[in-house]
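Shown next: data-v1.cif, containing mmCIF, C-alpha atoms and all ligand atoms; chains and numbers go by the auth columns.
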data_work
#
loop_
_atom_site.group_PDB
_atom_site.id
_atom_site.type_symbol
_atom_site.label_atom_id
_atom_site.label_comp_id
_atom_site.label_asym_id
_atom_site.label_seq_id
_atom_site.Cartn_x
_atom_site.Cartn_y
_atom_site.Cartn_z
_atom_site.B_iso_or_equiv
_atom_site.auth_seq_id
_atom_site.auth_asym_id
ATOM 1 C CA MET A 1 -2.747 -16.110 -0.173 0.00 1 A
ATOM 2 C CA LYS A 2 -0.352 -13.224 0.411 0.00 2 A
ATOM 3 C CA LEU A 3 -1.674 -9.670 0.223 0.00 3 A
ATOM 4 C CA PHE A 4 0.487 -6.565 -0.155 0.00 4 A
ATOM 5 C CA VAL A 5 -1.109 -3.221 0.664 0.00 5 A
ATOM 6 C CA GLN A 6 1.001 -0.598 -1.069 0.00 6 A
ATOM 7 C CA ILE A 7 0.972 3.092 -0.188 0.00 7 A
ATOM 8 C CA PRO A 8 2.685 5.511 -2.603 0.00 8 A
ATOM 9 C CA CYS A 9 3.756 8.517 -0.515 0.00 9 A
ATOM 10 C CA LEU A 10 4.956 12.004 -1.272 0.00 10 A
ATOM 11 C CA ASN A 11 5.280 13.814 2.056 0.00 11 A
ATOM 12 C CA GLU A 12 2.468 12.104 3.963 0.00 12 A
ATOM 13 C CA GLU A 13 3.905 12.376 7.514 0.00 13 A
ATOM 14 C CA ASN A 14 0.659 13.865 8.873 0.00 14 A
ATOM 15 C CA THR A 15 -1.740 11.160 7.689 0.00 15 A
ATOM 16 C CA LEU A 16 0.336 8.012 7.086 0.00 16 A
ATOM 17 C CA ALA A 17 0.056 6.733 10.668 0.00 17 A
ATOM 18 C CA SER A 18 -3.747 6.740 10.465 0.00 18 A
ATOM 19 C CA VAL A 19 -3.605 4.885 7.146 0.00 19 A
ATOM 20 C CA ILE A 20 -1.219 2.208 8.418 0.00 20 A
ATOM 21 C CA ASP A 21 -3.045 1.705 11.715 0.00 21 A
ATOM 22 C CA SER A 22 -6.419 1.248 10.001 0.00 22 A
ATOM 23 C CA ILE A 23 -5.270 -1.430 7.545 0.00 23 A
ATOM 24 C CA PRO A 24 -6.924 -4.721 8.592 0.00 24 A
ATOM 25 C CA LYS A 25 -4.619 -7.110 10.494 0.00 25 A
ATOM 26 C CA GLN A 26 -6.560 -10.189 9.386 0.00 26 A
ATOM 27 C CA ILE A 27 -8.791 -10.993 6.432 0.00 27 A
ATOM 28 C CA ASP A 28 -10.581 -14.321 5.936 0.00 28 A
ATOM 29 C CA GLY A 29 -8.988 -16.177 3.036 0.00 29 A
ATOM 30 C CA ILE A 30 -5.700 -14.228 3.307 0.00 30 A
ATOM 31 C CA ASP A 31 -2.738 -15.846 5.088 0.00 31 A
ATOM 32 C CA GLU A 32 -0.340 -12.883 5.212 0.00 32 A
ATOM 33 C CA ILE A 33 -0.835 -9.118 5.010 0.00 33 A
ATOM 34 C CA GLU A 34 2.264 -7.020 4.260 0.00 34 A
ATOM 35 C CA ILE A 35 2.409 -3.228 4.057 0.00 35 A
ATOM 36 C CA LEU A 36 4.670 -1.563 1.470 0.00 36 A
ATOM 37 C CA VAL A 37 5.469 2.156 1.426 0.00 37 A
ATOM 38 C CA ILE A 38 6.771 3.637 -1.809 0.00 38 A
ATOM 39 C CA ASN A 39 8.626 6.765 -0.753 0.00 39 A
ATOM 40 C CA ASP A 40 8.502 9.015 -3.800 0.00 40 A
ATOM 41 C CA GLY A 41 11.233 11.447 -2.787 0.00 41 A
ATOM 42 C CA SER A 42 9.598 12.664 0.411 0.00 42 A
ATOM 43 C CA THR A 43 11.441 15.408 2.279 0.00 43 A
ATOM 44 C CA ASP A 44 9.440 15.037 5.501 0.00 44 A
ATOM 45 C CA ARG A 45 9.255 12.246 8.121 0.00 45 A
ATOM 46 C CA THR A 46 7.183 9.859 5.955 0.00 46 A
ATOM 47 C CA VAL A 47 9.725 7.018 6.184 0.00 47 A
ATOM 48 C CA GLU A 48 10.299 7.438 9.932 0.00 48 A
ATOM 49 C CA VAL A 49 6.538 7.438 10.584 0.00 49 A
ATOM 50 C CA ALA A 50 6.150 4.281 8.506 0.00 50 A
ATOM 51 C CA LYS A 51 8.942 2.524 10.427 0.00 51 A
ATOM 52 C CA GLU A 52 7.507 3.661 13.768 0.00 52 A
ATOM 53 C CA HIS A 53 4.215 2.052 12.739 0.00 53 A
ATOM 54 C CA GLY A 54 5.774 -1.293 11.833 0.00 54 A
ATOM 55 C CA VAL A 55 6.266 -1.065 8.078 0.00 55 A
ATOM 56 C CA ARG A 56 9.097 -3.351 6.913 0.00 56 A
ATOM 57 C CA HIS A 57 8.802 -3.061 3.130 0.00 57 A
ATOM 58 C CA PHE A 58 9.972 0.050 1.270 0.00 58 A
ATOM 59 C CA VAL A 59 10.702 1.207 -2.247 0.00 59 A
ATOM 60 C CA HIS A 60 12.715 4.435 -2.178 0.00 60 A
ATOM 61 C CA HIS A 61 12.865 6.999 -4.976 0.00 61 A
ATOM 62 C CA THR A 62 15.733 9.390 -4.277 0.00 62 A
ATOM 63 C CA THR A 63 13.856 12.079 -6.230 0.00 63 A
ATOM 64 C CA ASN A 64 10.161 12.594 -6.955 0.00 64 A
ATOM 65 C CA MET A 65 9.095 10.414 -9.898 0.00 65 A
ATOM 66 C CA GLY A 66 5.315 10.727 -9.757 0.00 66 A
ATOM 67 C CA LEU A 67 2.433 8.496 -8.768 0.00 67 A
ATOM 68 C CA ALA A 68 2.347 6.344 -11.922 0.00 68 A
ATOM 69 C CA ARG A 69 5.994 5.303 -11.557 0.00 69 A
ATOM 70 C CA SER A 70 5.499 4.814 -7.809 0.00 70 A
ATOM 71 C CA PHE A 71 2.492 2.581 -8.418 0.00 71 A
ATOM 72 C CA ARG A 72 4.395 0.480 -10.964 0.00 72 A
ATOM 73 C CA ASP A 73 7.518 0.119 -8.817 0.00 73 A
ATOM 74 C CA GLY A 74 5.311 -0.919 -5.897 0.00 74 A
ATOM 75 C CA VAL A 75 3.590 -3.624 -7.917 0.00 75 A
ATOM 76 C CA ASP A 76 6.966 -4.891 -9.165 0.00 76 A
ATOM 77 C CA TYR A 77 8.292 -5.072 -5.575 0.00 77 A
ATOM 78 C CA ALA A 78 5.170 -6.821 -4.306 0.00 78 A
ATOM 79 C CA LEU A 79 5.254 -9.438 -7.058 0.00 79 A
ATOM 80 C CA LEU A 80 8.975 -10.054 -6.446 0.00 80 A
ATOM 81 C CA HIS A 81 8.137 -10.641 -2.776 0.00 81 A
ATOM 82 C CA GLY A 82 5.429 -13.203 -3.422 0.00 82 A
ATOM 83 C CA ALA A 83 2.250 -11.149 -3.612 0.00 83 A
ATOM 84 C CA ASP A 84 -0.881 -12.926 -4.809 0.00 84 A
ATOM 85 C CA ILE A 85 -2.955 -9.745 -4.434 0.00 85 A
ATOM 86 C CA VAL A 86 -1.843 -6.094 -4.406 0.00 86 A
ATOM 87 C CA VAL A 87 -4.086 -3.381 -2.975 0.00 87 A
ATOM 88 C CA ASN A 88 -3.117 0.231 -3.670 0.00 88 A
ATOM 89 C CA THR A 89 -4.261 2.921 -1.264 0.00 89 A
ATOM 90 C CA ASP A 90 -3.364 6.582 -0.709 0.00 90 A
ATOM 91 C CA GLY A 91 -1.169 7.956 2.067 0.00 91 A
ATOM 92 C CA ASP A 92 -3.481 10.926 2.597 0.00 92 A
ATOM 93 C CA ASN A 93 -6.134 8.750 4.291 0.00 93 A
ATOM 94 C CA GLN A 94 -8.564 9.482 1.496 0.00 94 A
ATOM 95 C CA TYR A 95 -9.800 5.887 1.388 0.00 95 A
ATOM 96 C CA PRO A 96 -11.299 3.850 4.257 0.00 96 A
ATOM 97 C CA GLN A 97 -8.895 0.946 4.792 0.00 97 A
ATOM 98 C CA ALA A 98 -11.602 -1.060 6.558 0.00 98 A
ATOM 99 C CA HIS A 99 -13.055 -1.805 3.105 0.00 99 A
ATOM 100 C CA ILE A 100 -9.946 -3.675 1.958 0.00 100 A
ATOM 101 C CA ALA A 101 -11.444 -6.986 3.080 0.00 101 A
ATOM 102 C CA GLU A 102 -14.511 -6.331 0.962 0.00 102 A
ATOM 103 C CA LEU A 103 -12.402 -5.068 -1.951 0.00 103 A
ATOM 104 C CA VAL A 104 -10.465 -8.335 -2.333 0.00 104 A
ATOM 105 C CA GLN A 105 -13.485 -10.649 -2.129 0.00 105 A
ATOM 106 C CA PRO A 106 -14.153 -10.817 -5.924 0.00 106 A
ATOM 107 C CA ILE A 107 -10.483 -11.760 -6.406 0.00 107 A
ATOM 108 C CA LEU A 108 -10.627 -14.456 -3.723 0.00 108 A
ATOM 109 C CA ARG A 109 -13.796 -15.815 -5.363 0.00 109 A
ATOM 110 C CA LYS A 110 -11.932 -15.803 -8.716 0.00 110 A
ATOM 111 C CA GLU A 111 -14.613 -13.579 -10.200 0.00 111 A
ATOM 112 C CA ALA A 112 -12.250 -10.674 -10.982 0.00 112 A
ATOM 113 C CA GLU A 113 -8.588 -9.877 -11.535 0.00 113 A
ATOM 114 C CA ILE A 114 -8.918 -6.142 -10.842 0.00 114 A
ATOM 115 C CA VAL A 115 -11.274 -4.434 -8.387 0.00 115 A
ATOM 116 C CA ILE A 116 -11.694 -0.660 -8.063 0.00 116 A
ATOM 117 C CA GLY A 117 -13.242 0.966 -5.012 0.00 117 A
ATOM 118 C CA ASP A 118 -15.298 4.036 -5.905 0.00 118 A
HETATM 119 N N1 LIG B . 0.288 14.317 -6.008 0.00 201 B
HETATM 120 C C1 LIG B . 1.284 13.407 -5.968 0.00 201 B
HETATM 121 N N2 LIG B . 1.091 12.316 -5.188 0.00 201 B
HETATM 122 C C2 LIG B . 2.087 11.389 -5.153 0.00 201 B
HETATM 123 C C3 LIG B . 3.288 11.529 -5.902 0.00 201 B
HETATM 124 N N3 LIG B . 4.054 10.459 -5.677 0.00 201 B
HETATM 125 C C4 LIG B . 3.385 9.691 -4.807 0.00 201 B
HETATM 126 N N4 LIG B . 2.193 10.246 -4.480 0.00 201 B
HETATM 127 C C5 LIG B . 1.194 9.679 -3.568 0.00 201 B
HETATM 128 O O1 LIG B . 0.115 9.229 -4.358 0.00 201 B
HETATM 129 C C6 LIG B . -1.067 9.206 -3.584 0.00 201 B
HETATM 130 C C7 LIG B . -2.166 9.905 -4.347 0.00 201 B
HETATM 131 O O2 LIG B . -1.857 11.279 -4.421 0.00 201 B
HETATM 132 P P1 LIG B . -2.984 12.364 -4.182 0.00 201 B
HETATM 133 O O3 LIG B . -2.317 13.698 -4.310 0.00 201 B
HETATM 134 O O4 LIG B . -3.747 12.042 -2.929 0.00 201 B
HETATM 135 O O5 LIG B . -3.894 12.115 -5.481 0.00 201 B
HETATM 136 P P2 LIG B . -5.483 12.219 -5.629 0.00 201 B
HETATM 137 O O6 LIG B . -6.085 11.463 -4.488 0.00 201 B
HETATM 138 O O7 LIG B . -5.734 11.591 -6.953 0.00 201 B
HETATM 139 O O8 LIG B . -5.789 13.673 -5.572 0.00 201 B
HETATM 140 C C8 LIG B . -0.739 9.879 -2.257 0.00 201 B
HETATM 141 O O9 LIG B . -0.543 8.885 -1.276 0.00 201 B
HETATM 142 C C9 LIG B . 0.554 10.631 -2.582 0.00 201 B
HETATM 143 O O10 LIG B . 1.367 10.816 -1.453 0.00 201 B
HETATM 144 C C10 LIG B . 3.470 12.706 -6.707 0.00 201 B
HETATM 145 O O11 LIG B . 4.472 12.893 -7.363 0.00 201 B
HETATM 146 N N5 LIG B . 2.424 13.604 -6.696 0.00 201 B
HETATM 147 MG MG MG B . -5.558 11.350 -2.444 0.00 202 B
#

Represent the structure of the file as structure tokens.
Ligand SMILES: Nc1nc2c(ncn2[C@@H]2O[C@H](COP(=O)(O)OP(=O)(O)O)[C@@H](O)[C@H]2O)c(=O)[nH]1
Ligand SMILES: [Mg+2]
Amino acid sequence: MKLFVQIPCLNEENTLASVIDSIPKQIDGIDEIEILVINDGSTDRTVEVAKEHGVRHFVHHTTNMGLARSFRDGVDYALLHGADIVVNTDGDNQYPQAHIAELVQPILRKEAEIVIGD
């Protein structure tokens, strides 16, 4: 199972490092974890910070196109690159990444196709 964690970002240079560094490196039942940053026309160092923290997958919007379009383009990229599961999280460190392992469990158990953390 290949998991993509996608992070839509509009100018998240201050918080993106904490988000990336707290994404789990291993999850039982998942073979590969890839991180994808969707850069939605950022004018700050979002992309440089992501690269410095090991991100290798990017979707770039040359101008700001909004979160909905960013989310969709991220899912398209992830599926094209072999994703079995896509987790979306924010670049502002609003969500605790440590819960990603728990979040994907209903999918791994084939009990759900979509899981929402609240
Ligand atoms: N507000 C906003 N966020 C965007 C946009 N494009 C990408 N994002 C990213 O979408 C994520 C959610 O945005 P945020 O402002 O935190 O939304 P909220 O958590 O619903 O208040 C963040 O990682 C943003 O950087 C955009 O055009 N506007
Ligand atoms: Mg937010």

Checklist entry - Where does the PyMOL selection byres (((chain A and resi 18-32) around 7) and not hetatm) land in this file, that is, which residues does it pick, as a PyMOL selection string? => result chain A and resi 1-3+15-17+33-34+53+91+93+97-98+101

Carefully work through the PyMOL selection byres (((chain A and resi 69-73) around 9) and not hetatm) for this structure and note down the residues it includes, as a short mmCIF file (atom, residue, chain, number, x, y, z; two decimals) with C-alpha atoms, keeping the file's coordinate frame.
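Dumped everything to expr_34.cif:
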data_model
loop_
_atom_site.label_atom_id
_atom_site.label_comp_id
_atom_site.auth_asym_id
_atom_site.auth_seq_id
_atom_site.Cartn_x
_atom_site.Cartn_y
_atom_site.Cartn_z
CA GLN A 6 1.00 -0.60 -1.07
CA ILE A 7 0.97 3.09 -0.19
CA PRO A 8 2.68 5.51 -2.60
CA CYS A 9 3.76 8.52 -0.52
CA ILE A 38 6.77 3.64 -1.81
CA ASN A 39 8.63 6.76 -0.75
CA ASP A 40 8.50 9.02 -3.80
CA VAL A 59 10.70 1.21 -2.25
CA HIS A 61 12.86 7.00 -4.98
CA MET A 65 9.10 10.41 -9.90
CA GLY A 66 5.32 10.73 -9.76
CA LEU A 67 2.43 8.50 -8.77
CA ALA A 68 2.35 6.34 -11.92
CA GLY A 74 5.31 -0.92 -5.90
CA VAL A 75 3.59 -3.62 -7.92
CA ASP A 76 6.97 -4.89 -9.16
CA TYR A 77 8.29 -5.07 -5.58
CA ALA A 78 5.17 -6.82 -4.31
CA ASN A 88 -3.12 0.23 -3.67
#

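Between atom N4 of ligand LIG 201 (chain B) and CA of Asp92 in chain A the separation is 9.1 Å.
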
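We find atom N4 of ligand LIG 201 (chain B) and CA of Gly54 in chain A to be spaced 20.3 Å apart.
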
Checklist entry - Could you spell out the hits of the PyMOL selection byres (((chain A and resi 104-110) around 9) and not hetatm) on the shown file, as an MDAnalysis selection string? => result chainID A and resid 1 29:30 85 87 99:103 111:115

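Closest to Phe4 in chain A among A:Lys51, A:Arg45, A:His81, A:His60 is A:His81, based on all atoms listed in the file.
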
Checklist entry - Nearest to Gly117 in chain A: which of A:Ala50, A:Ala83, A:Asn14, A:Gln94 is it, counting all atoms listed in the file? => result A:Gln94

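Closest approach to ligand MG 202 (chain B) among A:Leu80, A:Val49, A:Ile116, A:Leu10 is made by A:Leu10 (distances from all atoms listed in the file).
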
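When all atoms listed in the file are used to measure the gap to ligand LIG 201 (chain B), the shortest distance among A:Asn64, A:Asp118, A:Val47, A:Asp84 belongs to A:Asn64.
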
Checklist entry - Nearest to ligand LIG 201 (chain B): which of A:Asp44, A:Glu13, A:Asp90, A:Glu52 is it, counting all atoms listed in the file? => result A:Asp90

Report, as AutoDock Vina command-line options, the axis-aligned box around all atoms of ligand LIG 201 (chain B) present in the file, extended by 4 Å on each side; give centre and edge lengths in Å to one decimal place.
--center_x -0.8 --center_y 11.6 --center_z -4.3 --size_x 18.6 --size_y 13.4 --size_z 14.1

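Going from CA of Gly41 in chain A over to atom O5 of ligand LIG 201 (chain B), you cover 15.4 Å.
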
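Nearest to ligand MG 202 (chain B) of all the residues A:Thr89, A:Thr43, A:Thr63, A:Asn11 is A:Thr89, based on only C-alpha atoms and all ligand atoms.
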
N, CA and C atoms for range 40-75 of chain A, written as an mmCIF file, keeping the file's coordinate frame, could you do that?
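Just written: selection.cif:
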data_model
loop_
_atom_site.group_PDB
_atom_site.id
_atom_site.type_symbol
_atom_site.label_atom_id
_atom_site.label_comp_id
_atom_site.auth_asym_id
_atom_site.auth_seq_id
_atom_site.Cartn_x
_atom_site.Cartn_y
_atom_site.Cartn_z
ATOM 1 N N ASP A 40 8.243 8.377 -2.507
ATOM 2 C CA ASP A 40 8.502 9.015 -3.800
ATOM 3 C C ASP A 40 9.245 10.342 -3.616
ATOM 4 N N GLY A 41 10.407 10.252 -2.960
ATOM 5 C CA GLY A 41 11.233 11.447 -2.787
ATOM 6 C C GLY A 41 10.739 12.384 -1.698
ATOM 7 N N SER A 42 10.103 11.815 -0.677
ATOM 8 C CA SER A 42 9.598 12.664 0.411
ATOM 9 C C SER A 42 10.741 13.397 1.107
ATOM 10 N N THR A 43 10.452 14.623 1.535
ATOM 11 C CA THR A 43 11.441 15.408 2.279
ATOM 12 C C THR A 43 11.013 15.604 3.729
ATOM 13 N N ASP A 44 9.917 14.938 4.118
ATOM 14 C CA ASP A 44 9.440 15.037 5.501
ATOM 15 C C ASP A 44 9.728 13.718 6.230
ATOM 16 N N ARG A 45 8.992 13.435 7.308
ATOM 17 C CA ARG A 45 9.255 12.246 8.121
ATOM 18 C C ARG A 45 8.425 11.025 7.693
ATOM 19 N N THR A 46 8.003 10.981 6.434
ATOM 20 C CA THR A 46 7.183 9.859 5.955
ATOM 21 C C THR A 46 7.804 8.504 6.292
ATOM 22 N N VAL A 47 9.090 8.327 5.983
ATOM 23 C CA VAL A 47 9.725 7.018 6.184
ATOM 24 C C VAL A 47 9.830 6.688 7.674
ATOM 25 N N GLU A 48 10.192 7.674 8.484
ATOM 26 C CA GLU A 48 10.299 7.438 9.932
ATOM 27 C C GLU A 48 8.940 7.053 10.509
ATOM 28 N N VAL A 49 7.885 7.757 10.095
ATOM 29 C CA VAL A 49 6.538 7.438 10.584
ATOM 30 C C VAL A 49 6.170 6.009 10.196
ATOM 31 N N ALA A 50 6.475 5.641 8.955
ATOM 32 C CA ALA A 50 6.150 4.281 8.506
ATOM 33 C C ALA A 50 6.880 3.245 9.367
ATOM 34 N N LYS A 51 8.176 3.472 9.609
ATOM 35 C CA LYS A 51 8.942 2.524 10.427
ATOM 36 C C LYS A 51 8.396 2.460 11.848
ATOM 37 N N GLU A 52 8.056 3.616 12.403
ATOM 38 C CA GLU A 52 7.507 3.661 13.768
ATOM 39 C C GLU A 52 6.200 2.869 13.867
ATOM 40 N N HIS A 53 5.493 2.766 12.736
ATOM 41 C CA HIS A 53 4.215 2.052 12.739
ATOM 42 C C HIS A 53 4.337 0.653 12.138
ATOM 43 N N GLY A 54 5.573 0.134 12.104
ATOM 44 C CA GLY A 54 5.774 -1.293 11.833
ATOM 45 C C GLY A 54 5.980 -1.687 10.393
ATOM 46 N N VAL A 55 6.074 -0.703 9.485
ATOM 47 C CA VAL A 55 6.266 -1.065 8.078
ATOM 48 C C VAL A 55 7.687 -1.588 7.876
ATOM 49 N N ARG A 56 7.792 -2.710 7.135
ATOM 50 C CA ARG A 56 9.097 -3.351 6.913
ATOM 51 C C ARG A 56 9.481 -3.374 5.430
ATOM 52 N N HIS A 57 8.545 -3.023 4.576
ATOM 53 C CA HIS A 57 8.802 -3.061 3.130
ATOM 54 C C HIS A 57 8.782 -1.648 2.555
ATOM 55 N N PHE A 58 9.865 -1.289 1.864
ATOM 56 C CA PHE A 58 9.972 0.050 1.270
ATOM 57 C C PHE A 58 10.537 -0.031 -0.141
ATOM 58 N N VAL A 59 10.016 0.841 -1.003
ATOM 59 C CA VAL A 59 10.702 1.207 -2.247
ATOM 60 C C VAL A 59 11.039 2.683 -2.098
ATOM 61 N N HIS A 60 12.291 3.043 -2.325
ATOM 62 C CA HIS A 60 12.715 4.435 -2.178
ATOM 63 C C HIS A 60 13.060 5.049 -3.532
ATOM 64 N N HIS A 61 12.433 6.162 -3.855
ATOM 65 C CA HIS A 61 12.865 6.999 -4.976
ATOM 66 C C HIS A 61 13.668 8.155 -4.378
ATOM 67 N N THR A 62 14.902 8.330 -4.864
ATOM 68 C CA THR A 62 15.733 9.390 -4.277
ATOM 69 C C THR A 62 15.246 10.773 -4.706
ATOM 70 N N THR A 63 14.521 10.829 -5.839
ATOM 71 C CA THR A 63 13.856 12.079 -6.230
ATOM 72 C C THR A 63 12.411 11.756 -6.581
ATOM 73 N N ASN A 64 11.577 12.772 -6.642
ATOM 74 C CA ASN A 64 10.161 12.594 -6.955
ATOM 75 C C ASN A 64 9.989 12.108 -8.402
ATOM 76 N N MET A 65 9.274 10.983 -8.564
ATOM 77 C CA MET A 65 9.095 10.414 -9.898
ATOM 78 C C MET A 65 7.633 10.319 -10.295
ATOM 79 N N GLY A 66 6.736 10.717 -9.409
ATOM 80 C CA GLY A 66 5.315 10.727 -9.757
ATOM 81 C C GLY A 66 4.596 9.459 -9.335
ATOM 82 N N LEU A 67 3.268 9.590 -9.278
ATOM 83 C CA LEU A 67 2.433 8.496 -8.768
ATOM 84 C C LEU A 67 2.454 7.281 -9.688
ATOM 85 N N ALA A 68 2.420 7.496 -11.009
ATOM 86 C CA ALA A 68 2.347 6.344 -11.922
ATOM 87 C C ALA A 68 3.581 5.453 -11.758
ATOM 88 N N ARG A 69 4.757 6.076 -11.729
ATOM 89 C CA ARG A 69 5.994 5.303 -11.557
ATOM 90 C C ARG A 69 6.033 4.650 -10.175
ATOM 91 N N SER A 70 5.538 5.366 -9.168
ATOM 92 C CA SER A 70 5.499 4.814 -7.809
ATOM 93 C C SER A 70 4.607 3.585 -7.754
ATOM 94 N N PHE A 71 3.442 3.696 -8.376
ATOM 95 C CA PHE A 71 2.492 2.581 -8.418
ATOM 96 C C PHE A 71 3.152 1.369 -9.074
ATOM 97 N N ARG A 72 3.789 1.586 -10.216
ATOM 98 C CA ARG A 72 4.395 0.480 -10.964
ATOM 99 C C ARG A 72 5.541 -0.152 -10.178
ATOM 100 N N ASP A 73 6.396 0.675 -9.586
ATOM 101 C CA ASP A 73 7.518 0.119 -8.817
ATOM 102 C C ASP A 73 7.008 -0.658 -7.599
ATOM 103 N N GLY A 74 5.908 -0.204 -7.026
ATOM 104 C CA GLY A 74 5.311 -0.919 -5.897
ATOM 105 C C GLY A 74 4.799 -2.285 -6.313
ATOM 106 N N VAL A 75 4.100 -2.343 -7.421
ATOM 107 C CA VAL A 75 3.590 -3.624 -7.917
ATOM 108 C C VAL A 75 4.744 -4.570 -8.221
#
